[in-house]
Amino acid sequence: MNCQDTKEKLLDWLNDAGSAADRVALDSHLAQCPDCQQELAATRQIWQRMGAVPTPEPRPQMRTQFYAMLESFEQEEAAKPQRPLEQLRAWFKQRWSMGLATQLAYSLLLLGIGVGAGYWLQGSQNEGIAYQERIDTLSVQVQEMRQMMMLSLLENPSATERLRAVSYTKDIPEADSRVIDALLMTLNNDPNVNVRLVTLEALADLANDARVREGLVQSITQQESPLMQVALADVMVKLQEKRSLKPLRQMLRQNGINDLVKSKLEQTIKELS
């Protein structure tokens with residue numbers, strides 16, 4: 001073993017580390033090399049001084065500062081946009097109430113009963129009719145579950161969730177009075193104009209119902225947003241709803257009406273007259 005190898009292994013020698021063969025070789029070299037003996041003495045002295053250095057005690061404020069930094073980090077992490085999977089998990093957790101879980105479980109139970117009954121009832125025509133009746137019953141239950149979910153989401157404080165609720169009307173073949181009343185309430189009272197615009201579009205698709213048409217006409221004078229006023233005017237022209245002439249003229253006489261809205265109302269009145 002030469003001097004270079006010995007100097008590299010001095011710390012191992014001082015800490016009783018390394019293999020037995022290395023220690024024997026080191027001892028043999030140190031016994032006959034004055035330079036390495038001096039290097040060993042200097043290294044031992046430095047090592048002993050380092051061992052005598054006192055370990056610093058933490059300051060009393062360190063724990064408080066640590067928890068303050070931790071709280072700041074958690075707030076920054078919470079403010080970061082969530083990944084789609086995390087957003088879906090959060091939405092599902094927020095929406096998954098006991099009522100919705102019961103409805104879904106009930107629907108799945110009916111589906112299982114319907115499918116099982118179908119296999120059992122395929123033997124004759126009468127049994128086929130009974131199977132179809134069960135399928136129809138299941139469809140009604142699923143539609144009711146969708147309506148309940150939509151009504152629940154319409155009360156959510158998030159505008160995004162209310163928009164989602166309105167979109168569910170496309171999956172409801174026949175909206176009952178509860179759904180229509182909820183949509184009309186949203187049309188007239190929702191604080192978000194985008195939600196009201198989407199609700200107006202959904203109601204226009206349901207305009208074959210007389211209650212919907214009447215509600216749209218009554219909503220004209222309740223809208224203060226120029227966007228909603230123009231959109232309602234377009235819907236009245238599309239539906240050719242002449243009952244809207246009176247509230248349209250009433251809106252036209254309001255003080256401070258937007259010039260673009262005024263022009264649109266005049267055009268609408270002309271087309272419906």
# chains A, B, ... in the order shown; residues from 1 in each chain; ligands from 1
$ select_by_dssp --residues "segment 169-260 of chain A" --states "helix (DSSP H, G or I)" --output "VMD selection string"
chain A and resid 169 to 171 177 to 189 193 to 205 210 to 222 226 to 239 242 to 252 259 to 260
$ write_last_selection --atoms "C-alpha atoms" --output "short mmCIF file (atom, residue, chain, number, x, y, z; two decimals), in the first residue's frame"
data_model
loop_
_atom_site.label_atom_id
_atom_site.label_comp_id
_atom_site.auth_asym_id
_atom_site.auth_seq_id
_atom_site.Cartn_x
_atom_site.Cartn_y
_atom_site.Cartn_z
CA THR A 169 -82.42 18.41 -18.73
CA LYS A 170 -81.25 16.94 -22.06
CA ASP A 171 -81.37 13.49 -20.45
CA SER A 177 -93.63 20.49 -12.88
CA ARG A 178 -90.82 20.36 -10.29
CA VAL A 179 -88.16 20.57 -12.98
CA ILE A 180 -89.95 23.34 -14.89
CA ASP A 181 -90.52 25.40 -11.73
CA ALA A 182 -86.86 24.98 -10.73
CA LEU A 183 -85.65 26.08 -14.18
CA LEU A 184 -87.92 29.12 -14.21
CA MET A 185 -86.73 30.04 -10.71
CA THR A 186 -83.13 29.77 -11.92
CA LEU A 187 -83.92 31.85 -15.02
CA ASN A 188 -85.27 34.71 -12.94
CA ASN A 189 -83.09 34.61 -9.83
CA VAL A 193 -75.81 35.50 -16.13
CA ASN A 194 -74.19 32.50 -17.82
CA VAL A 195 -76.34 30.13 -15.79
CA ARG A 196 -79.44 32.13 -16.74
CA LEU A 197 -78.52 32.06 -20.44
CA VAL A 198 -78.04 28.27 -20.42
CA THR A 199 -81.30 27.89 -18.50
CA LEU A 200 -83.10 29.98 -21.11
CA GLU A 201 -81.78 27.69 -23.83
CA ALA A 202 -82.98 24.61 -21.91
CA LEU A 203 -86.43 26.13 -21.39
CA ALA A 204 -86.69 27.06 -25.06
CA ASP A 205 -86.27 23.35 -25.88
CA ALA A 210 -97.68 25.79 -22.07
CA ARG A 211 -96.28 26.43 -18.57
CA VAL A 212 -92.83 27.01 -20.03
CA ARG A 213 -94.05 29.48 -22.65
CA GLU A 214 -96.02 31.41 -20.04
CA GLY A 215 -93.02 31.48 -17.72
CA LEU A 216 -90.75 32.79 -20.49
CA VAL A 217 -93.16 35.61 -21.29
CA GLN A 218 -93.41 36.62 -17.63
CA SER A 219 -89.62 36.54 -17.30
CA ILE A 220 -89.10 39.34 -19.86
CA THR A 221 -89.72 42.20 -17.45
CA GLN A 222 -87.71 40.54 -14.67
CA PRO A 226 -78.81 43.30 -21.56
CA LEU A 227 -77.60 39.84 -22.62
CA MET A 228 -80.67 38.20 -21.13
CA GLN A 229 -83.00 40.82 -22.60
CA VAL A 230 -81.63 40.28 -26.10
CA ALA A 231 -81.62 36.48 -25.71
CA LEU A 232 -85.25 36.47 -24.54
CA ALA A 233 -86.23 38.63 -27.50
CA ASP A 234 -84.64 36.09 -29.85
CA VAL A 235 -86.51 33.24 -28.15
CA MET A 236 -89.83 35.10 -28.50
CA VAL A 237 -89.23 35.49 -32.24
CA LYS A 238 -88.24 31.83 -32.55
CA LEU A 239 -91.42 30.75 -30.75
CA LYS A 242 -97.25 37.18 -29.60
CA ARG A 243 -98.13 37.36 -25.91
CA SER A 244 -94.65 38.77 -25.42
CA LEU A 245 -95.52 42.01 -27.24
CA LYS A 246 -96.93 43.68 -24.13
CA PRO A 247 -93.93 43.02 -21.83
CA LEU A 248 -91.53 43.86 -24.68
CA ARG A 249 -93.19 47.26 -25.17
CA GLN A 250 -93.18 47.75 -21.40
CA MET A 251 -89.43 47.10 -21.32
CA LEU A 252 -88.92 49.45 -24.26
CA ASP A 259 -79.33 51.42 -27.09
CA LEU A 260 -78.49 48.02 -28.59
#
$ closest_residue --among "A:Asn192, A:Glu144, A:Pro157, A:Ile257" --to "Asp176 of chain A" --atoms "only C-alpha atoms"
A:Glu144
$ closest_residue --among "A:Leu163, A:Leu26, A:Tyr168, A:Gln37" --to "Met145 of chain A" --atoms "only C-alpha atoms"
A:Tyr168
$ residues_around --residues "Leu153 of chain A" --least-positions-apart "4" --cutoff "7 Å" --atoms "only C-alpha atoms" --output "number ranges by chain"
A: 149, 161-162, 165
$ residues_around --residues "Cys3 of chain A" --least-positions-apart "4" --cutoff "12 Å" --atoms "only C-alpha atoms" --output "VMD selection string"
chain A and resid 7 to 10 25 to 26 28 to 30 32 to 40
$ write_last_selection --atoms "N, CA and C atoms" --output "mmCIF file, in the first residue's frame"
data_model
loop_
_atom_site.group_PDB
_atom_site.id
_atom_site.type_symbol
_atom_site.label_atom_id
_atom_site.label_comp_id
_atom_site.auth_asym_id
_atom_site.auth_seq_id
_atom_site.Cartn_x
_atom_site.Cartn_y
_atom_site.Cartn_z
ATOM 1 N N LYS A 7 -3.451 7.664 2.882
ATOM 2 C CA LYS A 7 -4.108 8.913 3.253
ATOM 3 C C LYS A 7 -5.619 8.846 2.997
ATOM 4 N N GLU A 8 -6.006 8.118 1.947
ATOM 5 C CA GLU A 8 -7.431 8.011 1.645
ATOM 6 C C GLU A 8 -8.164 7.161 2.670
ATOM 7 N N LYS A 9 -7.436 6.278 3.384
ATOM 8 C CA LYS A 9 -8.081 5.360 4.321
ATOM 9 C C LYS A 9 -7.823 5.710 5.778
ATOM 10 N N LEU A 10 -7.237 6.884 6.033
ATOM 11 C CA LEU A 10 -6.947 7.256 7.409
ATOM 12 C C LEU A 10 -8.214 7.401 8.256
ATOM 13 N N ALA A 25 -2.628 -3.795 6.379
ATOM 14 C CA ALA A 25 -1.766 -3.125 5.403
ATOM 15 C C ALA A 25 -1.450 -1.704 5.855
ATOM 16 N N LEU A 26 -2.471 -1.008 6.432
ATOM 17 C CA LEU A 26 -2.245 0.351 6.916
ATOM 18 C C LEU A 26 -1.236 0.368 8.066
ATOM 19 N N SER A 28 1.080 -1.709 8.683
ATOM 20 C CA SER A 28 2.413 -2.034 8.165
ATOM 21 C C SER A 28 3.045 -0.820 7.505
ATOM 22 N N HIS A 29 2.232 -0.078 6.729
ATOM 23 C CA HIS A 29 2.769 1.091 6.038
ATOM 24 C C HIS A 29 3.104 2.205 7.015
ATOM 25 N N LEU A 30 2.195 2.442 8.002
ATOM 26 C CA LEU A 30 2.431 3.523 8.971
ATOM 27 C C LEU A 30 3.678 3.260 9.808
ATOM 28 N N GLN A 32 6.443 2.233 8.922
ATOM 29 C CA GLN A 32 7.705 2.531 8.247
ATOM 30 C C GLN A 32 7.673 3.821 7.435
ATOM 31 N N CYS A 33 6.598 4.645 7.573
ATOM 32 C CA CYS A 33 6.484 5.875 6.765
ATOM 33 C C CYS A 33 6.266 7.061 7.695
ATOM 34 N N PRO A 34 7.291 7.884 7.955
ATOM 35 C CA PRO A 34 7.146 9.060 8.838
ATOM 36 C C PRO A 34 6.131 10.061 8.306
ATOM 37 N N ASP A 35 6.073 10.265 6.997
ATOM 38 C CA ASP A 35 5.120 11.244 6.438
ATOM 39 C C ASP A 35 3.682 10.844 6.738
ATOM 40 N N CYS A 36 3.382 9.594 6.561
ATOM 41 C CA CYS A 36 2.014 9.134 6.819
ATOM 42 C C CYS A 36 1.703 9.158 8.304
ATOM 43 N N GLN A 37 2.763 8.948 9.162
ATOM 44 C CA GLN A 37 2.549 9.053 10.591
ATOM 45 C C GLN A 37 2.156 10.479 10.978
ATOM 46 N N GLN A 38 2.839 11.486 10.358
ATOM 47 C CA GLN A 38 2.479 12.890 10.623
ATOM 48 C C GLN A 38 1.064 13.193 10.114
ATOM 49 N N GLU A 39 0.736 12.653 8.940
ATOM 50 C CA GLU A 39 -0.614 12.864 8.382
ATOM 51 C C GLU A 39 -1.666 12.272 9.308
ATOM 52 N N LEU A 40 -1.373 11.091 9.880
ATOM 53 C CA LEU A 40 -2.304 10.456 10.803
ATOM 54 C C LEU A 40 -2.488 11.296 12.063
#
